[in-house]
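Worksheet: one structure, shown below.
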Amino acid sequence: MRPSGTTRRARTAAALLTALALALLPAAPATAAPGPAVELSRTEGGKGGEITVSGSGWKPGALLMLLICGRSAPGRGVIGGTNSCANTDGRAATVDARGGFSAKLPVAEPPEPCPCVVHVAGVTGQQDAVDRAFTVAGHPTAPLPEASGDGRLAVLAAVRLDGSSGLLTWFGAPPRREVVLTVGNLGSAPVKDPVFQVGSSHGVFAPQYEERRWRGTVAPGGKALVRLPVELAAGAHGDYQVSVRYGGKVLVEQPWGVGRPWGVTLFWLLLAVVVPAALFRIGMAVVDRVRPAARPARPATSPGLPLPARRRWRPRTPVPARRGPGDDEPTAVLPWFRPDSAPSAPESSPTTKGHA
């Protein structure tokens with residue numbers, strides 16, 4: 001039996017009412033992933049004391065830096081960067097496998113007046129930062145600078161580093177670059193002369209930020225090309241990371257590979273060769289000037305010969321002997337007698353040779 005038209009209409013109306021009721025029911029809230037959180041054992045302490053800082057929801061294995069910073073507020077961030085923090089009394093903490101950490105932090109007076117915060121920032125593995133209000137007892141206080149309005153800057157294009165290393169950098173001069181980024185104003189108020197914080201980090205060390213003011217105005221919905229100088233220490237080399245912050249939030253992070261200053265190594269090698277050679281020459285000159293003058297060497301003499309006999313002896317040419325009437329062979333002449341200096345026999349005594 002086929003249902004009547006009235007029954008079909010009733011079923012259609014019931015289905016429509018059910019769909020309308022489901023659409024009007026409040027949607028179940030989506031479960032948001034928990035972000036990093038920080039808790040303090042105390043919210044006030046004096047210089048020389050100690051507090052326990054714990055957290056949860058961090059990336060496992062991340063390295064965190066814990067600092068007490070002045071001129072800061074949880075909603076404004078650390079105004080002035082880590083230059084407003086007690087860096088010498090900071091502590092490091094490593095996040096465990098469950099995303100939590102706990103560390104002791106000594107209470108120290110920051111270089112800037114309060115309001116103060118405990119600043120927890122990721123160094124490696126996670127770049128988030130969380131601030132918790134903290135009061136340093138006995139430390140001066142001062143109001144925070146006024147905000148620049150409802151303007152919000154965001155990066156709209158890829159970031160690059162402009163510049164190159166010259167000859168002086170090859171010999172250890174500080175490397176310099178310019179961070180070039182395009183920012184846009186997403187707020188409803190213009191941003192005039194914004195102050196950015198530019199820092200560089202090497203290895204596991206936290207970035208050291210310095211303020212860089214950009215002269216200009218970014219209208220609501222507008223954009224601008226911003227160039228910010230960054231400089232490293234003299235002789236720096238290796239892998240660095242340049243960070244730019246604005247309003248307590250990191251806008252960009254750009255890697256920077258700096259070559260080794262081989263000119264410094266070459267200079268020391270040349271110095272190691274030239275200095276010993278120069279010292280050797282100076283020492284030889286001093287020795288030549290100080291030592292006494294050398295006397296002429298005496299010629300060697302043969303023992304038993306008088307002084308005139310030191311000269312080289314040369315044999316004289318023998319003179320032929322005189323022949324007598326009955327001489328068949330010449331008489332040999334001794335070399336140390338001359339024929340005319342030999343003693344002659346008396347003429348009265350005849351020779352006996354041939355008269356035997």
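We name chains A, B, ... following the order of the structure tokens; residues begin at 1 in each chain, and ligands are numbered from 1 as shown.
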Considering only C-alpha atoms, return as number ranges by chain whatever protein or nucleic-acid residues lie within 8 Å of His202 of chain A, sequence-local ones (same chain, fewer than 5 positions apart) excluded. A: 207, 238-241
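Using only C-alpha atoms, the residues found no farther than 8 Å from segment 184-190 of chain A, other than those of its own chain fewer than 2 positions away, are Gly149, Asp150, Gly151, Arg152, Leu153, Ala154, Val155, Leu156, Thr182, Lys192, Thr217, Val218, Ala219, Pro220, Gly221, Gly222, Lys223 and Ala224 of chain A.
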Selected residues written out with all heavy atoms, as a compact mmCIF listing (two decimals), in the first residue's frame:
```
# COMPACT_ATOMS: atom_id res chain seq x y z
N GLY A 149 50.19 52.99 19.01
CA GLY A 149 48.87 52.93 18.41
C GLY A 149 48.46 51.50 18.16
O GLY A 149 48.98 50.56 18.75
N ASP A 150 47.50 51.34 17.30
CA ASP A 150 46.98 50.02 16.97
C ASP A 150 47.63 49.45 15.73
O ASP A 150 47.11 48.49 15.14
CB ASP A 150 45.46 50.08 16.78
CG ASP A 150 44.74 50.47 18.07
OD1 ASP A 150 45.27 50.14 19.15
OD2 ASP A 150 43.68 51.09 17.98
N GLY A 151 48.71 50.03 15.28
CA GLY A 151 49.38 49.51 14.10
C GLY A 151 50.10 48.20 14.40
O GLY A 151 50.70 48.02 15.46
N ARG A 152 50.03 47.28 13.47
CA ARG A 152 50.68 45.98 13.61
C ARG A 152 51.46 45.71 12.34
O ARG A 152 50.91 45.70 11.24
CB ARG A 152 49.65 44.87 13.85
CG ARG A 152 48.96 44.99 15.20
CD ARG A 152 48.03 43.81 15.47
NE ARG A 152 46.92 43.76 14.53
CZ ARG A 152 46.77 42.81 13.59
NH1 ARG A 152 47.70 41.86 13.47
NH2 ARG A 152 45.74 42.82 12.78
N LEU A 153 52.77 45.51 12.49
CA LEU A 153 53.63 45.26 11.35
C LEU A 153 53.84 43.77 11.16
O LEU A 153 53.98 43.02 12.13
CB LEU A 153 54.98 45.95 11.54
CG LEU A 153 54.97 47.48 11.63
CD1 LEU A 153 56.39 48.01 11.79
CD2 LEU A 153 54.30 48.08 10.40
N ALA A 154 53.86 43.37 9.91
CA ALA A 154 54.11 41.97 9.55
C ALA A 154 54.98 41.95 8.31
O ALA A 154 54.97 42.88 7.50
CB ALA A 154 52.81 41.22 9.31
N VAL A 155 55.75 40.88 8.16
CA VAL A 155 56.63 40.72 7.01
C VAL A 155 55.81 40.19 5.84
O VAL A 155 55.07 39.20 5.97
CB VAL A 155 57.79 39.77 7.34
CG1 VAL A 155 58.69 39.58 6.14
CG2 VAL A 155 58.59 40.33 8.51
N LEU A 156 55.95 40.84 4.68
CA LEU A 156 55.16 40.47 3.51
C LEU A 156 55.96 39.76 2.43
O LEU A 156 55.36 39.15 1.54
CB LEU A 156 54.53 41.73 2.89
CG LEU A 156 53.64 42.56 3.82
CD1 LEU A 156 53.09 43.76 3.06
CD2 LEU A 156 52.52 41.73 4.40
N THR A 182 60.37 43.58 3.65
CA THR A 182 59.18 44.35 3.30
C THR A 182 58.13 44.10 4.36
O THR A 182 57.71 42.95 4.59
CB THR A 182 58.64 43.95 1.93
OG1 THR A 182 59.67 44.15 0.95
CG2 THR A 182 57.44 44.78 1.56
N LYS A 192 54.57 55.14 12.99
CA LYS A 192 55.56 56.17 12.67
C LYS A 192 56.88 55.86 13.35
O LYS A 192 56.92 55.60 14.57
CB LYS A 192 55.04 57.54 13.11
CG LYS A 192 55.98 58.69 12.74
CD LYS A 192 55.41 60.02 13.18
CE LYS A 192 56.35 61.15 12.81
NZ LYS A 192 55.82 62.48 13.25
N THR A 217 56.91 56.37 7.96
CA THR A 217 55.56 56.06 8.44
C THR A 217 54.93 55.02 7.53
O THR A 217 54.99 55.16 6.30
CB THR A 217 54.67 57.32 8.49
OG1 THR A 217 55.30 58.29 9.33
CG2 THR A 217 53.29 57.00 9.03
N VAL A 218 54.35 54.00 8.15
CA VAL A 218 53.65 52.96 7.41
C VAL A 218 52.16 53.15 7.67
O VAL A 218 51.68 52.96 8.80
CB VAL A 218 54.10 51.55 7.83
CG1 VAL A 218 53.44 50.49 6.96
CG2 VAL A 218 55.62 51.43 7.74
N ALA A 219 51.43 53.54 6.65
CA ALA A 219 50.00 53.80 6.79
C ALA A 219 49.24 52.49 6.95
O ALA A 219 49.73 51.42 6.59
CB ALA A 219 49.49 54.56 5.57
N PRO A 220 48.02 52.54 7.50
CA PRO A 220 47.21 51.31 7.62
C PRO A 220 46.97 50.69 6.25
O PRO A 220 46.54 51.37 5.31
CB PRO A 220 45.91 51.81 8.25
CG PRO A 220 46.29 53.07 8.95
CD PRO A 220 47.37 53.70 8.13
N GLY A 221 47.28 49.42 6.14
CA GLY A 221 47.14 48.73 4.87
C GLY A 221 48.28 48.96 3.90
O GLY A 221 48.29 48.37 2.82
N GLY A 222 49.24 49.80 4.27
CA GLY A 222 50.36 50.08 3.40
C GLY A 222 51.55 49.18 3.70
O GLY A 222 51.54 48.35 4.62
N LYS A 223 52.59 49.33 2.92
CA LYS A 223 53.80 48.54 3.10
C LYS A 223 55.01 49.42 2.84
O LYS A 223 54.90 50.49 2.21
CB LYS A 223 53.81 47.32 2.18
CG LYS A 223 53.79 47.66 0.69
CD LYS A 223 53.79 46.39 -0.14
CE LYS A 223 53.80 46.72 -1.64
NZ LYS A 223 53.83 45.48 -2.46
N ALA A 224 56.16 48.98 3.31
CA ALA A 224 57.40 49.75 3.17
C ALA A 224 58.57 48.79 3.14
O ALA A 224 58.52 47.69 3.72
CB ALA A 224 57.55 50.75 4.30
```
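Using only C-alpha atoms, the nearest neighbour of Trp262 of chain A within the list A:Thr135, A:Thr124, A:Thr169, A:Ser41 is A:Thr169.
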Residue with smallest distance to Ser72 of chain A - pool A:Gly138, A:Gly166, A:Gly57, A:Pro143, counting only C-alpha atoms: A:Pro143
Please extract the residues of segment 23-186 of chain A with a backbone DSSP assignment of strand (DSSP E) and present them as a PyMOL selection string. chain A and resi 37-40+44-46+50-56+63-69+72-73+77-78+91-94+101-106+116-124+129-137+153-155+160-162+176-185
As an MDAnalysis selection string, please: every residue in segment 162-194 of chain A that DSSP puts in helix (DSSP H, G or I). chainID A and resid 167:170
Show me, as an NGL selection string, the residues that have an atom within 10 Å of segment 231-237 of chain A when counting only C-alpha atoms, minus same-chain residues fewer than 3 positions from it. :A and (169-178 or 198-202 or 240 or 242 or 256-262 or 264)
Any chance you can output those residues with C-alpha atoms as a compact mmCIF listing (two decimals), in the first residue's frame?
```txt
# COMPACT_ATOMS: atom_id res chain seq x y z
CA THR A 169 87.11 41.89 6.52
CA TRP A 170 89.61 39.36 5.14
CA PHE A 171 92.06 40.80 7.69
CA GLY A 172 89.65 40.62 10.65
CA ALA A 173 87.47 43.74 10.32
CA PRO A 174 83.87 43.40 11.62
CA PRO A 175 81.56 41.87 8.96
CA ARG A 176 78.63 44.14 8.05
CA ARG A 177 75.35 43.50 6.23
CA GLU A 178 71.91 45.03 5.80
CA VAL A 198 68.22 43.38 15.42
CA GLY A 199 70.33 40.63 16.93
CA SER A 200 72.74 37.90 15.91
CA SER A 201 73.41 34.54 17.51
CA HIS A 202 76.17 31.95 17.10
CA TYR A 240 75.39 32.98 12.42
CA VAL A 242 70.26 37.21 12.26
CA TRP A 256 74.46 34.13 7.65
CA GLY A 257 77.63 32.20 6.86
CA VAL A 258 80.77 34.24 7.57
CA GLY A 259 84.10 33.12 6.09
CA ARG A 260 87.30 32.82 8.08
CA PRO A 261 89.64 35.87 8.00
CA TRP A 262 92.59 34.13 6.35
CA VAL A 264 95.06 37.28 9.91
```
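Proximity to Val107 of chain A was assessed for A:Pro140, A:Gly203, A:Gly45, A:Pro74 counting only C-alpha atoms; the smallest distance is recorded for A:Gly45.
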